[in-house]
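Quick look at model_31.cif (mmCIF, C-alpha atoms):
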data_protein
#
loop_
_atom_site.label_atom_id
_atom_site.label_comp_id
_atom_site.auth_asym_id
_atom_site.auth_seq_id
_atom_site.Cartn_x
_atom_site.Cartn_y
_atom_site.Cartn_z
CA MET L 1 37.46 15.25 -70.54
CA HIS L 2 36.10 18.59 -69.38
CA ASN L 3 35.75 21.57 -71.68
CA THR L 4 38.32 23.57 -69.68
CA THR L 5 36.88 26.99 -70.49
CA ALA L 6 33.29 26.03 -69.65
CA TYR L 7 34.48 24.09 -66.59
CA ASP L 8 36.45 27.04 -65.25
CA GLU L 9 33.70 29.51 -66.05
CA MET L 10 31.21 27.44 -64.07
CA PHE L 11 33.27 27.69 -60.88
CA VAL L 12 34.22 31.34 -61.44
CA GLN L 13 30.53 32.16 -61.85
CA TYR L 14 29.87 30.40 -58.57
CA ALA L 15 32.63 32.46 -56.93
CA LEU L 16 30.96 35.61 -58.30
CA SER L 17 27.60 34.57 -56.85
CA LEU L 18 29.23 34.00 -53.47
CA ALA L 19 31.00 37.37 -53.66
CA ALA L 20 27.70 39.19 -54.27
CA LYS L 21 26.42 38.00 -50.89
CA GLY L 22 28.68 40.57 -49.24
CA SER L 23 27.17 43.51 -51.12
CA GLY L 24 26.89 46.64 -49.01
CA GLN L 25 28.70 45.14 -46.02
CA THR L 26 32.39 45.13 -46.93
CA GLY L 27 33.02 48.86 -46.48
CA ILE L 28 35.87 49.83 -48.81
CA ASN L 29 36.90 46.21 -49.34
CA PRO L 30 35.95 44.48 -52.60
CA LEU L 31 33.33 41.78 -52.99
CA VAL L 32 35.17 38.46 -53.15
CA GLY L 33 34.07 34.85 -53.35
CA ALA L 34 36.35 31.81 -53.43
CA VAL L 35 35.84 28.14 -54.27
CA VAL L 36 38.29 25.26 -53.71
CA VAL L 37 37.75 22.44 -56.18
CA LYS L 38 39.37 19.00 -56.16
CA GLN L 39 38.65 16.31 -58.71
CA GLY L 40 35.55 18.18 -59.84
CA ARG L 41 34.10 18.51 -56.36
CA ILE L 42 33.79 21.67 -54.23
CA VAL L 43 35.65 21.04 -50.97
CA GLY L 44 35.71 24.60 -49.66
CA GLN L 45 33.95 27.89 -50.30
CA GLY L 46 33.53 31.31 -48.76
CA PHE L 47 32.95 35.01 -49.29
CA HIS L 48 34.15 38.18 -47.61
CA ARG L 49 31.36 39.19 -45.26
CA LYS L 50 32.56 42.36 -43.59
CA ILE L 51 35.57 44.66 -43.47
CA GLY L 52 37.97 43.44 -40.78
CA GLU L 53 36.75 39.84 -41.02
CA ALA L 54 38.32 36.88 -42.82
CA HIS L 55 38.81 37.07 -46.58
CA ALA L 56 37.02 34.68 -48.91
CA GLU L 57 40.15 32.69 -49.77
CA ALA L 58 41.02 32.10 -46.11
CA ILE L 59 37.49 30.87 -45.35
CA ALA L 60 37.45 28.52 -48.35
CA LEU L 61 40.91 27.12 -47.58
CA GLN L 62 40.08 26.57 -43.93
CA GLN L 63 36.93 24.72 -44.92
CA ALA L 64 38.87 22.58 -47.38
CA GLY L 65 41.57 21.68 -44.86
CA ARG L 66 43.98 19.02 -46.13
CA LEU L 67 41.87 18.57 -49.27
CA ALA L 68 43.26 21.90 -50.51
CA HIS L 69 46.58 20.18 -51.22
CA GLY L 70 46.81 19.85 -55.01
CA ALA L 71 43.41 21.46 -55.54
CA GLN L 72 42.30 24.42 -57.65
CA LEU L 73 41.19 27.75 -56.22
CA TYR L 74 38.65 29.86 -58.10
CA VAL L 75 38.33 33.50 -57.07
CA ASN L 76 36.68 36.51 -58.71
CA LEU L 77 39.45 38.95 -57.73
CA GLU L 78 43.21 38.63 -57.42
CA PRO L 79 44.07 37.55 -53.85
CA CYS L 80 45.72 40.14 -51.62
CA CYS L 81 49.46 40.21 -50.88
CA THR L 82 49.50 42.94 -48.24
CA TYR L 83 48.95 43.02 -44.50
CA GLY L 84 45.80 44.81 -43.33
CA TYR L 85 43.19 43.61 -40.88
CA THR L 86 44.17 40.08 -41.97
CA PRO L 87 47.37 38.42 -43.30
CA PRO L 88 47.98 38.19 -47.08
CA CYS L 89 45.86 35.56 -48.80
CA VAL L 90 48.74 34.54 -51.08
CA ASN L 91 50.56 33.20 -48.02
CA ALA L 92 47.61 30.99 -47.12
CA ILE L 93 47.30 29.77 -50.73
CA ILE L 94 50.98 28.81 -50.88
CA LYS L 95 50.88 27.16 -47.45
CA ALA L 96 47.80 25.13 -48.46
CA ARG L 97 49.74 23.86 -51.52
CA ILE L 98 47.06 24.85 -54.01
CA LYS L 99 48.32 23.82 -57.47
CA ARG L 100 46.30 26.23 -59.64
CA VAL L 101 44.53 29.55 -59.08
CA ILE L 102 41.91 30.83 -61.53
CA ILE L 103 41.28 34.56 -61.19
CA ALA L 104 38.49 36.48 -62.90
CA ALA L 105 40.12 39.92 -62.64
CA ARG L 106 43.26 41.57 -61.31
CA ASP L 107 42.91 43.73 -58.21
CA PRO L 108 43.12 47.41 -59.31
CA ASN L 109 44.56 48.33 -55.90
CA PRO L 110 48.04 49.74 -56.74
CA ALA L 111 49.43 47.83 -53.76
CA VAL L 112 48.28 44.52 -55.27
CA ASN L 113 47.69 44.86 -59.02
CA GLY L 114 49.47 41.85 -60.54
CA LYS L 115 51.87 41.41 -57.61
CA SER L 116 49.98 38.48 -56.10
CA ILE L 117 49.98 36.71 -59.44
CA GLN L 118 53.77 37.09 -59.65
CA ILE L 119 54.24 35.79 -56.10
CA LEU L 120 52.10 32.71 -56.75
CA ARG L 121 53.89 31.92 -59.99
CA LYS L 122 57.29 32.25 -58.27
CA HIS L 123 56.08 29.56 -55.87
CA ASN L 124 55.18 27.26 -58.79
CA VAL L 125 51.44 27.84 -58.55
CA ARG L 126 49.82 27.94 -61.97
CA VAL L 127 47.72 31.08 -62.36
CA ASP L 128 45.11 31.75 -65.05
CA VAL L 129 43.54 35.20 -65.26
CA ASP L 130 40.61 36.98 -66.94
CA ILE L 131 38.01 34.21 -66.82
CA LEU L 132 34.64 36.03 -66.92
CA HIS L 133 36.60 39.27 -66.53
CA ASP L 134 33.76 41.62 -67.56
CA ARG L 135 31.32 40.13 -65.05
CA ALA L 136 33.92 40.39 -62.32
CA LYS L 137 34.69 44.00 -63.19
CA LYS L 138 30.98 44.90 -63.17
CA LEU L 139 30.43 43.34 -59.74
CA ASN L 140 33.25 45.42 -58.23
CA ARG L 141 32.84 48.56 -60.35
CA TRP L 142 32.37 50.66 -57.22
CA TYR L 143 35.60 49.26 -55.73
CA LEU L 144 37.50 49.97 -58.94
CA LYS L 145 36.60 53.65 -58.62
CA TYR L 146 37.18 53.93 -54.90
CA ILE L 147 40.53 52.15 -54.71
CA THR L 148 42.01 54.18 -57.57
CA THR L 149 40.55 57.62 -56.73
CA LYS L 150 39.58 57.43 -53.03
CA ILE L 151 36.18 58.82 -54.08
CA PRO L 152 33.02 56.76 -53.40
CA TYR L 153 31.02 55.35 -56.27
CA VAL L 154 27.83 57.40 -56.61
CA ILE L 155 24.40 56.14 -57.65
CA LEU L 156 21.53 58.61 -58.06
CA LYS L 157 18.03 57.29 -57.40
CA ILE L 158 15.37 59.69 -58.60
CA ALA L 159 11.63 58.98 -58.56
CA THR L 160 9.45 61.41 -60.52
CA THR L 161 6.02 61.92 -61.99
CA LYS L 162 5.62 61.74 -65.74
CA ASN L 163 6.31 65.49 -65.92
CA MET L 164 9.50 65.23 -63.81
CA LYS L 165 8.19 66.34 -60.41
CA ILE L 166 9.74 64.80 -57.30
CA SER L 167 7.15 66.22 -54.89
CA GLY L 168 3.64 67.66 -54.85
CA PHE L 169 1.73 64.38 -55.23
CA SER L 170 -1.18 63.42 -53.00
CA THR L 171 0.29 60.14 -51.71
CA ARG L 172 3.43 59.54 -49.63
CA TYR L 173 5.13 57.74 -52.49
CA VAL L 174 5.11 58.60 -56.17
CA THR L 175 6.08 55.08 -57.27
CA SER L 176 4.42 51.68 -56.83
CA GLU L 177 5.47 49.07 -54.27
CA PRO L 178 7.45 46.97 -56.79
CA ALA L 179 9.57 50.04 -57.57
CA ARG L 180 10.06 50.74 -53.87
CA ARG L 181 11.08 47.14 -53.30
CA TYR L 182 13.63 47.56 -56.10
CA VAL L 183 15.02 50.65 -54.35
CA HIS L 184 15.24 48.81 -51.03
CA ALA L 185 17.26 46.11 -52.78
CA LEU L 186 19.55 48.85 -54.12
CA ARG L 187 19.97 50.24 -50.60
CA SER L 188 21.02 46.83 -49.34
CA GLN L 189 23.89 46.79 -51.85
CA VAL L 190 25.54 50.13 -51.04
CA GLY L 191 27.63 51.44 -48.18
CA ALA L 192 25.44 54.47 -47.47
CA VAL L 193 22.34 56.43 -48.44
CA LEU L 194 22.68 60.23 -48.71
CA ILE L 195 19.93 62.86 -48.41
CA GLY L 196 19.72 66.59 -47.86
CA ILE L 197 18.20 68.11 -44.74
CA ASN L 198 15.03 69.30 -46.54
CA THR L 199 14.19 65.71 -47.47
CA LEU L 200 14.69 64.66 -43.85
CA LEU L 201 12.46 67.44 -42.52
CA VAL L 202 9.67 67.05 -45.09
CA ASP L 203 9.56 63.26 -45.56
CA ASN L 204 11.09 61.93 -42.32
CA PRO L 205 12.32 58.88 -44.28
CA LEU L 206 13.45 55.61 -42.69
CA LEU L 207 16.03 54.89 -45.44
CA THR L 208 16.10 51.18 -44.60
CA ASP L 209 15.86 48.07 -46.77
CA ARG L 210 12.78 46.85 -44.85
CA LEU L 211 11.01 45.50 -47.95
CA VAL L 212 13.87 43.05 -48.59
CA GLY L 213 15.29 42.78 -45.06
CA ARG L 214 18.91 42.17 -46.00
CA HIS L 215 21.23 44.99 -44.91
CA ASN L 216 20.53 48.55 -43.78
CA PRO L 217 23.15 50.90 -45.21
CA ALA L 218 24.65 53.80 -43.28
CA ARG L 219 22.48 56.95 -43.42
CA ILE L 220 24.04 60.33 -44.17
CA VAL L 221 22.33 63.73 -44.09
CA ILE L 222 23.74 67.03 -45.34
CA ASP L 223 22.68 69.32 -42.49
CA PRO L 224 24.80 72.51 -42.35
CA HIS L 225 22.73 74.13 -39.57
CA LEU L 226 22.03 70.96 -37.56
CA LYS L 227 18.25 71.02 -38.01
CA THR L 228 17.85 67.26 -37.63
CA PRO L 229 15.08 66.71 -35.04
CA LEU L 230 15.99 64.51 -32.10
CA ASN L 231 12.98 62.30 -32.88
CA ALA L 232 13.73 61.89 -36.60
CA ALA L 233 13.36 58.39 -38.09
CA PHE L 234 16.84 58.95 -39.55
CA LEU L 235 18.24 58.56 -36.01
CA GLU L 236 16.85 55.06 -35.38
CA PRO L 237 19.84 52.99 -34.19
CA ASN L 238 19.52 50.23 -36.80
CA ALA L 239 22.45 51.45 -38.92
CA ARG L 240 25.28 53.97 -38.86
CA ARG L 241 23.94 57.53 -38.73
CA ILE L 242 26.18 60.31 -40.01
CA ILE L 243 25.57 64.07 -40.09
CA LEU L 244 27.61 66.43 -42.28
CA THR L 245 27.44 69.87 -40.65
CA LYS L 246 29.28 73.09 -39.81
CA SER L 247 32.03 72.87 -37.21
CA ASP L 248 30.61 75.77 -35.15
CA ASP L 249 27.08 74.38 -34.74
CA ASN L 250 25.09 73.81 -31.54
CA GLN L 251 27.59 71.89 -29.39
CA LYS L 252 24.97 70.82 -26.86
CA LYS L 253 22.91 69.18 -29.58
CA VAL L 254 26.06 67.67 -31.09
CA GLU L 255 26.87 66.02 -27.77
CA GLN L 256 23.27 64.80 -27.37
CA LEU L 257 23.41 63.13 -30.76
CA LYS L 258 26.90 61.73 -30.23
CA ASN L 259 25.67 60.09 -27.04
CA THR L 260 23.15 58.12 -29.15
CA GLY L 261 25.89 56.88 -31.49
CA VAL L 262 25.54 59.48 -34.25
CA GLU L 263 28.76 60.24 -36.13
CA PHE L 264 29.69 63.74 -37.30
CA VAL L 265 31.80 65.11 -40.11
CA PHE L 266 32.44 68.80 -39.57
CA MET L 267 32.66 70.91 -42.73
CA GLU L 268 33.68 74.47 -43.47
CA GLY L 269 30.82 76.89 -44.21
CA ASP L 270 27.28 75.88 -45.08
CA ASP L 271 27.41 75.19 -48.83
CA TYR L 272 29.37 72.08 -49.81
CA SER L 273 30.53 71.06 -53.25
CA THR L 274 29.87 67.51 -54.38
CA MET L 275 33.60 66.79 -54.35
CA ASP L 276 33.96 68.05 -50.76
CA LEU L 277 31.02 65.88 -49.74
CA LEU L 278 32.43 62.78 -51.40
CA LYS L 279 35.92 63.30 -50.01
CA SER L 280 34.44 63.62 -46.53
CA ILE L 281 32.40 60.46 -46.97
CA SER L 282 35.45 58.55 -48.20
CA THR L 283 37.15 59.13 -44.83
CA LEU L 284 34.35 57.08 -43.22
CA LYS L 285 35.40 53.88 -45.05
CA ILE L 286 32.32 54.06 -47.28
CA GLY L 287 32.97 53.00 -50.87
CA SER L 288 29.54 53.50 -52.45
CA VAL L 289 26.70 55.97 -51.93
CA LEU L 290 23.06 56.00 -53.05
CA VAL L 291 21.86 59.61 -53.35
CA GLU L 292 18.10 59.80 -52.70
CA GLY L 293 17.30 63.50 -52.65
CA GLY L 294 16.04 66.04 -52.48
CA GLY L 295 15.85 68.54 -55.31
CA VAL L 296 18.83 70.69 -54.31
CA THR L 297 21.04 67.64 -53.73
CA PHE L 298 20.01 66.11 -57.06
CA ASP L 299 20.73 69.38 -58.86
CA TYR L 300 24.26 69.53 -57.47
CA PHE L 301 25.10 65.97 -58.46
CA LEU L 302 23.47 66.23 -61.89
CA LYS L 303 25.05 69.57 -62.80
CA ASP L 304 28.50 68.48 -61.61
CA LYS L 305 28.07 65.09 -63.28
CA ALA L 306 29.28 63.72 -59.95
CA TYR L 307 27.59 60.35 -60.31
CA ASP L 308 28.39 57.00 -61.89
CA GLU L 309 24.94 55.48 -62.29
CA LEU L 310 21.41 56.82 -62.45
CA PHE L 311 18.23 54.94 -61.62
CA LEU L 312 15.33 57.10 -62.81
CA PHE L 313 11.86 55.85 -61.87
CA VAL L 314 9.02 57.55 -63.74
CA SER L 315 5.47 57.01 -62.52
CA PRO L 316 2.43 57.33 -64.82
CA THR L 317 1.02 60.19 -62.72
CA THR L 318 1.41 63.95 -63.23
CA THR L 319 1.16 66.97 -60.94
CA GLU L 320 1.38 70.70 -61.49
CA ASP L 321 2.67 71.34 -57.99
CA GLY L 322 5.91 70.40 -56.31
CA ILE L 323 9.62 70.50 -57.11
CA GLY L 324 10.87 69.61 -60.55
CA VAL L 325 14.19 68.04 -61.45
CA GLU L 326 16.10 68.73 -64.66
CA ILE L 327 16.89 65.42 -66.31
CA ASP L 328 18.73 65.24 -69.61
CA GLN L 329 15.94 64.17 -71.96
CA SER L 330 18.36 62.06 -73.99
CA ILE L 331 18.32 59.62 -71.06
CA ILE L 332 14.66 58.99 -71.74
CA GLU L 333 14.87 59.25 -75.52
CA LYS L 334 17.90 57.01 -76.04
CA ASN L 335 17.33 54.34 -73.40
CA LYS L 336 14.71 51.63 -73.33
CA PRO L 337 12.99 51.58 -69.93
CA LYS L 338 12.21 48.54 -67.84
CA GLN L 339 8.71 48.14 -66.46
CA ILE L 340 8.71 47.91 -62.65
CA GLY L 341 5.13 47.57 -61.45
CA GLU L 342 3.28 50.63 -62.75
CA ASP L 343 6.50 52.60 -63.26
CA LEU L 344 9.23 52.89 -65.86
CA LEU L 345 12.87 52.52 -64.83
CA TYR L 346 15.67 54.14 -66.84
CA HIS L 347 19.04 52.82 -65.71
CA VAL L 348 22.12 54.45 -67.19
CA TYR L 349 25.84 54.61 -66.57
CA ARG L 350 27.10 58.17 -66.87
CA ASN L 351 30.21 57.26 -68.86
CA ASN L 352 28.27 55.28 -71.46
#
What does the file become when written as structure tokens?
Amino acid sequence: MHNTTAYDEMFVQYALSLAAKGSGQTGINPLVGAVVVKQGRIVGQGFHRKIGEAHAEAIALQQAGRLAHGAQLYVNLEPCCTYGYTPPCVNAIIKARIKRVIIAARDPNPAVNGKSIQILRKHNVRVDVDILHDRAKKLNRWYLKYITTKIPYVILKIATTKNMKISGFSTRYVTSEPARRYVHALRSQVGAVLIGINTLLVDNPLLTDRLVGRHNPARIVIDPHLKTPLNAAFLEPNARRIILTKSDDNQKKVEQLKNTGVEFVFMEGDDYSTMDLLKSISTLKIGSVLVEGGGVTFDYFLKDKAYDELFLFVSPTTTEDGIGVEIDQSIIEKNKPKQIGEDLLYHVYRNN
């Protein structure tokens, strides 16, 4: 006899690990993994790879084929019951004659929340919910915010000297390579990276995940006066490139950039609130954003408390020059840092 709880948790955990493979690539869709199990053996598995493509459940059921009949389906999020880019997954589950569905967490989408569970039960499919619920909720925390508020999940990444300077150091980077690799891994897990125009002009950053080579997120620059140089690294066509700017800016340059695939969001005026920025980004089907600078952009997000997570990297160096950033010292005093190479990482959730 199996220990049912441990047995179920094992396959739900596997579904969660599959789901995580889609990080950064599903747009505003959640991360979902699915596993079809029959007589203790996995006969089908899949994860949602990209918005508009097949859902995890459909992939797993197709792989299982006839073996899905009478099998169990493990999934980290409640299957969908609405028509979008693809048909409802509940229909496929019922048609495949799955006998039991084990769900880690309900889908917070108001169009789904609990409805799929009811549909499955009405069709005599046994449904068990909340297996490894907290892990499932953490994996899709960004989706939970986006689908209920239509505002992207915001992560601030700030790298400073020991005395809280984000510029003025003698080298290109203030942090060590292990810390930069960590940041590149973060980039690969979000929908977009956001910077201000000063950071683009001063640093000419690539904003890729080249140290991990997994997935380049969309790149967004706040550029009210369209100062982005035509030869900026930001414009390399290896990811979506998006410029937030005034609607009455240089139309010739706008057309030049559009011809290279750059997307524009036209804003009113030249000073944008964090909420206006995030609402504009949400229209681009981007559910999570990593804010990487510079000082003015950080100040806006910190003062407005318009972020959900903060990754603060503190190097052992100091400098008297450069731009400082005002960080709540309780973050450093109350949280135990993690050593990343030569640097200290403070990772906090704003609502904690």
By how many Å are atom CA of Val202 of chain L and atom CA of Phe298 of chain L apart? 15.8 Å
Quick one: 5 Å padding each side, axis-aligned, all listed atoms of segment 190-203 of chain L - centre and edge lengths in Å to one decimal, as JSON?
{"center_x": 18.6, "center_y": 59.7, "center_z": -46.8, "size_x": 28.1, "size_y": 29.2, "size_z": 18.5}
List the spatial neighbours of Arg41 of chain L as a PyMOL selection string - criterion: any atom at most 12 Å away, only C-alpha atoms, same-chain residues fewer than 5 positions off excluded. chain L and resi 7+11+35-36+64+67-68+71-73
Residues near segment 316-331 of chain L, cut-off 7 Å, only C-alpha atoms, skip fewer than 4 positions along chain, as a list in words: Thr161, Lys162, Asn163, Met164, Lys165, Ile166, Ser167, Gly168, Phe169, Gly295, Asn335 and Asp343 of chain L
Can you list what the PyMOL selection byres ((chain L and resi 45) around 10) grabs from this structure, as a PDB file with C-alpha atoms, keeping the file's coordinate frame?
ATOM      1  CA  TYR L  14      29.870  30.400 -58.570  1.00  0.00           C
ATOM      2  CA  ALA L  15      32.630  32.460 -56.930  1.00  0.00           C
ATOM      3  CA  LEU L  18      29.230  34.000 -53.470  1.00  0.00           C
ATOM      4  CA  GLY L  33      34.070  34.850 -53.350  1.00  0.00           C
ATOM      5  CA  ALA L  34      36.350  31.810 -53.430  1.00  0.00           C
ATOM      6  CA  VAL L  35      35.840  28.140 -54.270  1.00  0.00           C
ATOM      7  CA  VAL L  36      38.290  25.260 -53.710  1.00  0.00           C
ATOM      8  CA  VAL L  37      37.750  22.440 -56.180  1.00  0.00           C
ATOM      9  CA  ILE L  42      33.790  21.670 -54.230  1.00  0.00           C
ATOM     10  CA  VAL L  43      35.650  21.040 -50.970  1.00  0.00           C
ATOM     11  CA  GLY L  44      35.710  24.600 -49.660  1.00  0.00           C
ATOM     12  CA  GLY L  46      33.530  31.310 -48.760  1.00  0.00           C
ATOM     13  CA  PHE L  47      32.950  35.010 -49.290  1.00  0.00           C
ATOM     14  CA  ALA L  56      37.020  34.680 -48.910  1.00  0.00           C
ATOM     15  CA  GLU L  57      40.150  32.690 -49.770  1.00  0.00           C
ATOM     16  CA  ALA L  58      41.020  32.100 -46.110  1.00  0.00           C
ATOM     17  CA  ILE L  59      37.490  30.870 -45.350  1.00  0.00           C
ATOM     18  CA  ALA L  60      37.450  28.520 -48.350  1.00  0.00           C
ATOM     19  CA  LEU L  61      40.910  27.120 -47.580  1.00  0.00           C
ATOM     20  CA  GLN L  62      40.080  26.570 -43.930  1.00  0.00           C
ATOM     21  CA  GLN L  63      36.930  24.720 -44.920  1.00  0.00           C
ATOM     22  CA  ALA L  64      38.870  22.580 -47.380  1.00  0.00           C
ATOM     23  CA  LEU L  73      41.190  27.750 -56.220  1.00  0.00           C
ATOM     24  CA  TYR L  74      38.650  29.860 -58.100  1.00  0.00           C
ATOM     25  CA  VAL L  75      38.330  33.500 -57.070  1.00  0.00           C
TER      26      VAL L  75
END
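Across the structure, atom CA of Tyr146 of chain L and atom CA of Tyr300 of chain L are spaced 20.4 Å apart.
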Picked residues, the PyMOL selection byres ((chain L and resi 281) around 10), expected as a VMD selection string: chain L and resid 150 to 152 192 194 220 242 244 265 275 to 280 282 to 289
Expressed in Å, the length from atom CA of Asn76 of chain L to atom CA of Arg187 of chain L is 23.1 Å
If we count all atoms listed in the file and set the cut-off at 10 Å, which residues sit around Val112 of chain L, ignoring sequence neighbours fewer than 5 positions away in its own chain? Please answer as a list in words. Glu78, Pro79, Cys80, Cys81, Thr82, Arg106, Asp107 and Ile117 of chain L
I want to know what sits within 6 Å of segment 173-184 of chain L, based on all atoms listed in the file, with residues of the same chain fewer than 4 positions away left out; could you give that as a PDB file with C-alpha atoms, in the frame of the given file?
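Listed below is the output, selection20.pdb:
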ATOM      1  CA  ASP L 209      15.860  48.070 -46.770  1.00  0.00           C
ATOM      2  CA  LEU L 211      11.010  45.500 -47.950  1.00  0.00           C
ATOM      3  CA  SER L 315       5.470  57.010 -62.520  1.00  0.00           C
ATOM      4  CA  ILE L 340       8.710  47.910 -62.650  1.00  0.00           C
ATOM      5  CA  GLY L 341       5.130  47.570 -61.450  1.00  0.00           C
TER       6      GLY L 341
END
Return the single residue from L:Asn140, L:Thr86, L:Asn124, L:Thr245 that is closest to Val221 of chain L, with distances computed using all atoms listed in the file.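 Checking each candidate against Val221 of chain L, we get L:Thr245 as the closest.
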Reference answer for the PyMOL selection byres ((chain L and resi 22-25) around 12), as a VMD selection string: chain L and resid 15 to 21 26 to 33 46 to 53 55 to 56 139 to 143 185 to 193 209 214 to 218 239 to 240 285 to 290
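Of the residues under consideration (L:Ile243, L:Ile158, L:Val12, L:Leu200), L:Ile243 shows the shortest atom-to-atom contact distance to Glu263 of chain L when counting all atoms listed in the file.
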Put segment 218-233 of chain L into a file with N, CA, C and O atoms, as a PDB file, in the first residue's frame.
ATOM      1  N   ALA L 218      11.686  40.308 -22.409  1.00  0.00           N
ATOM      2  CA  ALA L 218      11.465  41.560 -23.131  1.00  0.00           C
ATOM      3  C   ALA L 218      12.245  42.664 -22.427  1.00  0.00           C
ATOM      4  O   ALA L 218      12.487  42.607 -21.214  1.00  0.00           O
ATOM      5  N   ARG L 219      12.667  43.686 -23.183  1.00  0.00           N
ATOM      6  CA  ARG L 219      13.383  44.826 -22.601  1.00  0.00           C
ATOM      7  C   ARG L 219      12.521  46.073 -22.754  1.00  0.00           C
ATOM      8  O   ARG L 219      12.022  46.352 -23.857  1.00  0.00           O
ATOM      9  N   ILE L 220      12.364  46.803 -21.662  1.00  0.00           N
ATOM     10  CA  ILE L 220      11.539  48.013 -21.670  1.00  0.00           C
ATOM     11  C   ILE L 220      12.371  49.175 -21.155  1.00  0.00           C
ATOM     12  O   ILE L 220      13.053  49.051 -20.127  1.00  0.00           O
ATOM     13  N   VAL L 221      12.321  50.315 -21.847  1.00  0.00           N
ATOM     14  CA  VAL L 221      12.994  51.519 -21.363  1.00  0.00           C
ATOM     15  C   VAL L 221      11.979  52.649 -21.236  1.00  0.00           C
ATOM     16  O   VAL L 221      11.115  52.834 -22.103  1.00  0.00           O
ATOM     17  N   ILE L 222      12.086  53.381 -20.132  1.00  0.00           N
ATOM     18  CA  ILE L 222      11.282  54.593 -19.937  1.00  0.00           C
ATOM     19  C   ILE L 222      12.060  55.735 -20.575  1.00  0.00           C
ATOM     20  O   ILE L 222      13.102  56.154 -20.067  1.00  0.00           O
ATOM     21  N   ASP L 223      11.575  56.227 -21.701  1.00  0.00           N
ATOM     22  CA  ASP L 223      12.333  57.184 -22.516  1.00  0.00           C
ATOM     23  C   ASP L 223      11.394  58.284 -23.029  1.00  0.00           C
ATOM     24  O   ASP L 223      11.040  58.309 -24.215  1.00  0.00           O
ATOM     25  N   PRO L 224      10.993  59.220 -22.157  1.00  0.00           N
ATOM     26  CA  PRO L 224       9.991  60.225 -22.535  1.00  0.00           C
ATOM     27  C   PRO L 224      10.370  61.059 -23.765  1.00  0.00           C
ATOM     28  O   PRO L 224       9.499  61.436 -24.550  1.00  0.00           O
ATOM     29  N   HIS L 225      11.665  61.337 -23.946  1.00  0.00           N
ATOM     30  CA  HIS L 225      12.095  62.220 -25.035  1.00  0.00           C
ATOM     31  C   HIS L 225      12.789  61.461 -26.165  1.00  0.00           C
ATOM     32  O   HIS L 225      13.466  62.078 -26.989  1.00  0.00           O
ATOM     33  N   LEU L 226      12.619  60.158 -26.197  1.00  0.00           N
ATOM     34  CA  LEU L 226      13.141  59.286 -27.244  1.00  0.00           C
ATOM     35  C   LEU L 226      14.631  59.541 -27.510  1.00  0.00           C
ATOM     36  O   LEU L 226      15.060  59.839 -28.620  1.00  0.00           O
ATOM     37  N   LYS L 227      15.422  59.386 -26.448  1.00  0.00           N
ATOM     38  CA  LYS L 227      16.873  59.571 -26.551  1.00  0.00           C
ATOM     39  C   LYS L 227      17.614  58.281 -26.886  1.00  0.00           C
ATOM     40  O   LYS L 227      18.838  58.307 -27.073  1.00  0.00           O
ATOM     41  N   THR L 228      16.916  57.175 -26.959  1.00  0.00           N
ATOM     42  CA  THR L 228      17.570  55.893 -27.215  1.00  0.00           C
ATOM     43  C   THR L 228      18.377  55.951 -28.514  1.00  0.00           C
ATOM     44  O   THR L 228      17.816  56.184 -29.590  1.00  0.00           O
ATOM     45  N   PRO L 229      19.701  55.734 -28.442  1.00  0.00           N
ATOM     46  CA  PRO L 229      20.518  55.764 -29.666  1.00  0.00           C
ATOM     47  C   PRO L 229      20.162  54.595 -30.586  1.00  0.00           C
ATOM     48  O   PRO L 229      19.810  53.506 -30.116  1.00  0.00           O
ATOM     49  N   LEU L 230      20.282  54.816 -31.864  1.00  0.00           N
ATOM     50  CA  LEU L 230      19.941  53.770 -32.828  1.00  0.00           C
ATOM     51  C   LEU L 230      20.917  52.597 -32.787  1.00  0.00           C
ATOM     52  O   LEU L 230      20.623  51.530 -33.330  1.00  0.00           O
ATOM     53  N   ASN L 231      22.074  52.791 -32.150  1.00  0.00           N
ATOM     54  CA  ASN L 231      23.054  51.706 -32.038  1.00  0.00           C
ATOM     55  C   ASN L 231      23.127  51.139 -30.616  1.00  0.00           C
ATOM     56  O   ASN L 231      24.088  50.452 -30.265  1.00  0.00           O
ATOM     57  N   ALA L 232      22.123  51.400 -29.807  1.00  0.00           N
ATOM     58  CA  ALA L 232      22.130  50.927 -28.418  1.00  0.00           C
ATOM     59  C   ALA L 232      22.029  49.397 -28.362  1.00  0.00           C
ATOM     60  O   ALA L 232      21.321  48.771 -29.153  1.00  0.00           O
ATOM     61  N   ALA L 233      22.734  48.802 -27.404  1.00  0.00           N
ATOM     62  CA  ALA L 233      22.669  47.348 -27.207  1.00  0.00           C
ATOM     63  C   ALA L 233      21.240  46.910 -26.885  1.00  0.00           C
ATOM     64  O   ALA L 233      20.839  45.789 -27.222  1.00  0.00           O
TER      65      ALA L 233
END
